[in-house]
Amino acid sequence: MKSDLRERRGAVGESQADLAEAVDVTRQTINAIERERYDPSLELAFTLAAHFDCRIEDLFDPALNGDRPDSGTEGN
């Protein structure tokens, strides 16, 4: 899942290790999220959003992924 985590982290001068320590995960987890190799749990997404004082959808926006919300009209 695409995110702007790297940009937000860079804007405040925070390293992956600094962010990882602040949200109680490994640096490898932060790296994997930034490289789109790992989708964070809902709990971690909330924790990251709180850390950057923003909403989850500000960090992990479906529009960043080219996704559209499911309208529920498939097959109609």
# chains A, B, ... in the order shown; residues from 1 in each chain; ligands from 1
call {"tool": "residues_around", "arguments": {"residues": "Val12 of chain A", "least_positions_apart": "6", "cutoff": "12 Å", "atoms": "only C-alpha atoms", "output": "list in words"}}
result
Leu5, Arg6, Asp18, Leu19, His51 and Phe52 of chain A
call {"tool": "select_by_dssp", "arguments": {"residues": "chain A", "states": "alpha helix (DSSP H)", "output": "number ranges by chain"}}
result
A: 5-11, 16-23, 27-34, 42-51, 56-59
call {"tool": "closest_residue", "arguments": {"among": "A:Glu36, A:Asp58, A:Asp53, A:Leu44", "to": "Ala20 of chain A", "atoms": "only C-alpha atoms"}}
result
A:Leu44
call {"tool": "atom_distance", "arguments": {"atom1": "atom CA of Glu43 of chain A", "atom2": "atom CA of Ile56 of chain A"}}
result
10.4 Å
call {"tool": "atom_distance", "arguments": {"atom1": "atom CA of Ala45 of chain A", "atom2": "atom CA of Gln28 of chain A"}}
result
15.7 Å
call {"tool": "closest_residue", "arguments": {"among": "A:Leu59, A:Gln16, A:Met1, A:Val25", "to": "Tyr38 of chain A", "atoms": "only C-alpha atoms"}}
result
A:Met1
call {"tool": "decode", "arguments": {"residues": "segment 4-39 of chain A", "atoms": "N, CA and C atoms", "output": "tab-separated table (two decimals), in the first residue's frame"}}
result
chain	number	residue	atom	x	y	z
A	4	ASP	N	2.62	8.16	2.30
A	4	ASP	CA	3.58	9.27	2.26
A	4	ASP	C	4.39	9.30	3.56
A	5	LEU	N	4.56	8.12	4.13
A	5	LEU	CA	5.31	7.99	5.37
A	5	LEU	C	6.73	8.52	5.24
A	6	ARG	N	7.42	8.15	4.18
A	6	ARG	CA	8.80	8.59	3.97
A	6	ARG	C	8.88	10.12	3.88
A	7	GLU	N	7.94	10.73	3.17
A	7	GLU	CA	7.94	12.18	3.03
A	7	GLU	C	7.69	12.87	4.37
A	8	ARG	N	6.73	12.35	5.12
A	8	ARG	CA	6.44	12.95	6.43
A	8	ARG	C	7.61	12.78	7.38
A	9	ARG	N	8.23	11.62	7.35
A	9	ARG	CA	9.38	11.36	8.21
A	9	ARG	C	10.53	12.29	7.84
A	10	GLY	N	10.76	12.44	6.55
A	10	GLY	CA	11.82	13.34	6.08
A	10	GLY	C	11.57	14.80	6.43
A	11	ALA	N	10.30	15.19	6.39
A	11	ALA	CA	9.94	16.58	6.67
A	11	ALA	C	10.27	16.98	8.10
A	12	VAL	N	10.25	16.00	9.00
A	12	VAL	CA	10.57	16.31	10.40
A	12	VAL	C	11.97	15.87	10.78
A	13	GLY	N	12.74	15.39	9.79
A	13	GLY	CA	14.12	15.00	10.04
A	13	GLY	C	14.26	13.75	10.88
A	14	GLU	N	13.32	12.85	10.73
A	14	GLU	CA	13.32	11.64	11.55
A	14	GLU	C	13.85	10.46	10.73
A	15	SER	N	14.74	9.68	11.30
A	15	SER	CA	15.25	8.49	10.63
A	15	SER	C	14.25	7.35	10.78
A	16	GLN	N	14.44	6.31	9.99
A	16	GLN	CA	13.60	5.12	10.14
A	16	GLN	C	13.73	4.56	11.55
A	17	ALA	N	14.94	4.55	12.07
A	17	ALA	CA	15.17	4.03	13.42
A	17	ALA	C	14.47	4.88	14.47
A	18	ASP	N	14.51	6.19	14.31
A	18	ASP	CA	13.82	7.09	15.25
A	18	ASP	C	12.31	6.82	15.25
A	19	LEU	N	11.74	6.72	14.05
A	19	LEU	CA	10.30	6.48	13.94
A	19	LEU	C	9.95	5.11	14.51
A	20	ALA	N	10.74	4.12	14.19
A	20	ALA	CA	10.49	2.77	14.69
A	20	ALA	C	10.47	2.74	16.21
A	21	GLU	N	11.42	3.41	16.82
A	21	GLU	CA	11.47	3.46	18.28
A	21	GLU	C	10.24	4.17	18.84
A	22	ALA	N	9.84	5.25	18.19
A	22	ALA	CA	8.71	6.05	18.67
A	22	ALA	C	7.38	5.27	18.62
A	23	VAL	N	7.24	4.38	17.63
A	23	VAL	CA	5.98	3.65	17.49
A	23	VAL	C	6.12	2.18	17.88
A	24	ASP	N	7.27	1.82	18.45
A	24	ASP	CA	7.51	0.49	19.01
A	24	ASP	C	7.45	-0.64	17.99
A	25	VAL	N	8.14	-0.43	16.86
A	25	VAL	CA	8.33	-1.49	15.87
A	25	VAL	C	9.81	-1.49	15.48
A	26	THR	N	10.20	-2.39	14.61
A	26	THR	CA	11.59	-2.42	14.16
A	26	THR	C	11.80	-1.45	13.00
A	27	ARG	N	13.03	-1.08	12.79
A	27	ARG	CA	13.37	-0.24	11.64
A	27	ARG	C	13.01	-0.96	10.35
A	28	GLN	N	13.16	-2.28	10.34
A	28	GLN	CA	12.83	-3.07	9.15
A	28	GLN	C	11.34	-2.97	8.81
A	29	THR	N	10.51	-2.86	9.83
A	29	THR	CA	9.06	-2.71	9.59
A	29	THR	C	8.79	-1.38	8.89
A	30	ILE	N	9.40	-0.31	9.38
A	30	ILE	CA	9.23	1.00	8.75
A	30	ILE	C	9.73	0.96	7.31
A	31	ASN	N	10.89	0.35	7.11
A	31	ASN	CA	11.45	0.23	5.76
A	31	ASN	C	10.50	-0.54	4.85
A	32	ALA	N	9.94	-1.63	5.33
A	32	ALA	CA	9.04	-2.44	4.52
A	32	ALA	C	7.76	-1.68	4.17
A	33	ILE	N	7.24	-0.90	5.10
A	33	ILE	CA	6.05	-0.09	4.81
A	33	ILE	C	6.38	0.93	3.74
A	34	GLU	N	7.50	1.61	3.88
A	34	GLU	CA	7.88	2.64	2.91
A	34	GLU	C	8.15	2.05	1.52
A	35	ARG	N	8.62	0.82	1.47
A	35	ARG	CA	8.92	0.18	0.18
A	35	ARG	C	7.73	-0.61	-0.36
A	36	GLU	N	6.57	-0.47	0.30
A	36	GLU	CA	5.33	-1.12	-0.12
A	36	GLU	C	5.44	-2.65	-0.10
A	37	ARG	N	6.23	-3.17	0.82
A	37	ARG	CA	6.38	-4.61	0.97
A	37	ARG	C	5.61	-5.15	2.17
A	38	TYR	N	4.99	-4.24	2.92
A	38	TYR	CA	4.26	-4.64	4.12
A	38	TYR	C	3.15	-3.64	4.36
A	39	ASP	N	1.94	-4.14	4.55
A	39	ASP	CA	0.81	-3.30	4.92
A	39	ASP	C	0.68	-3.34	6.43
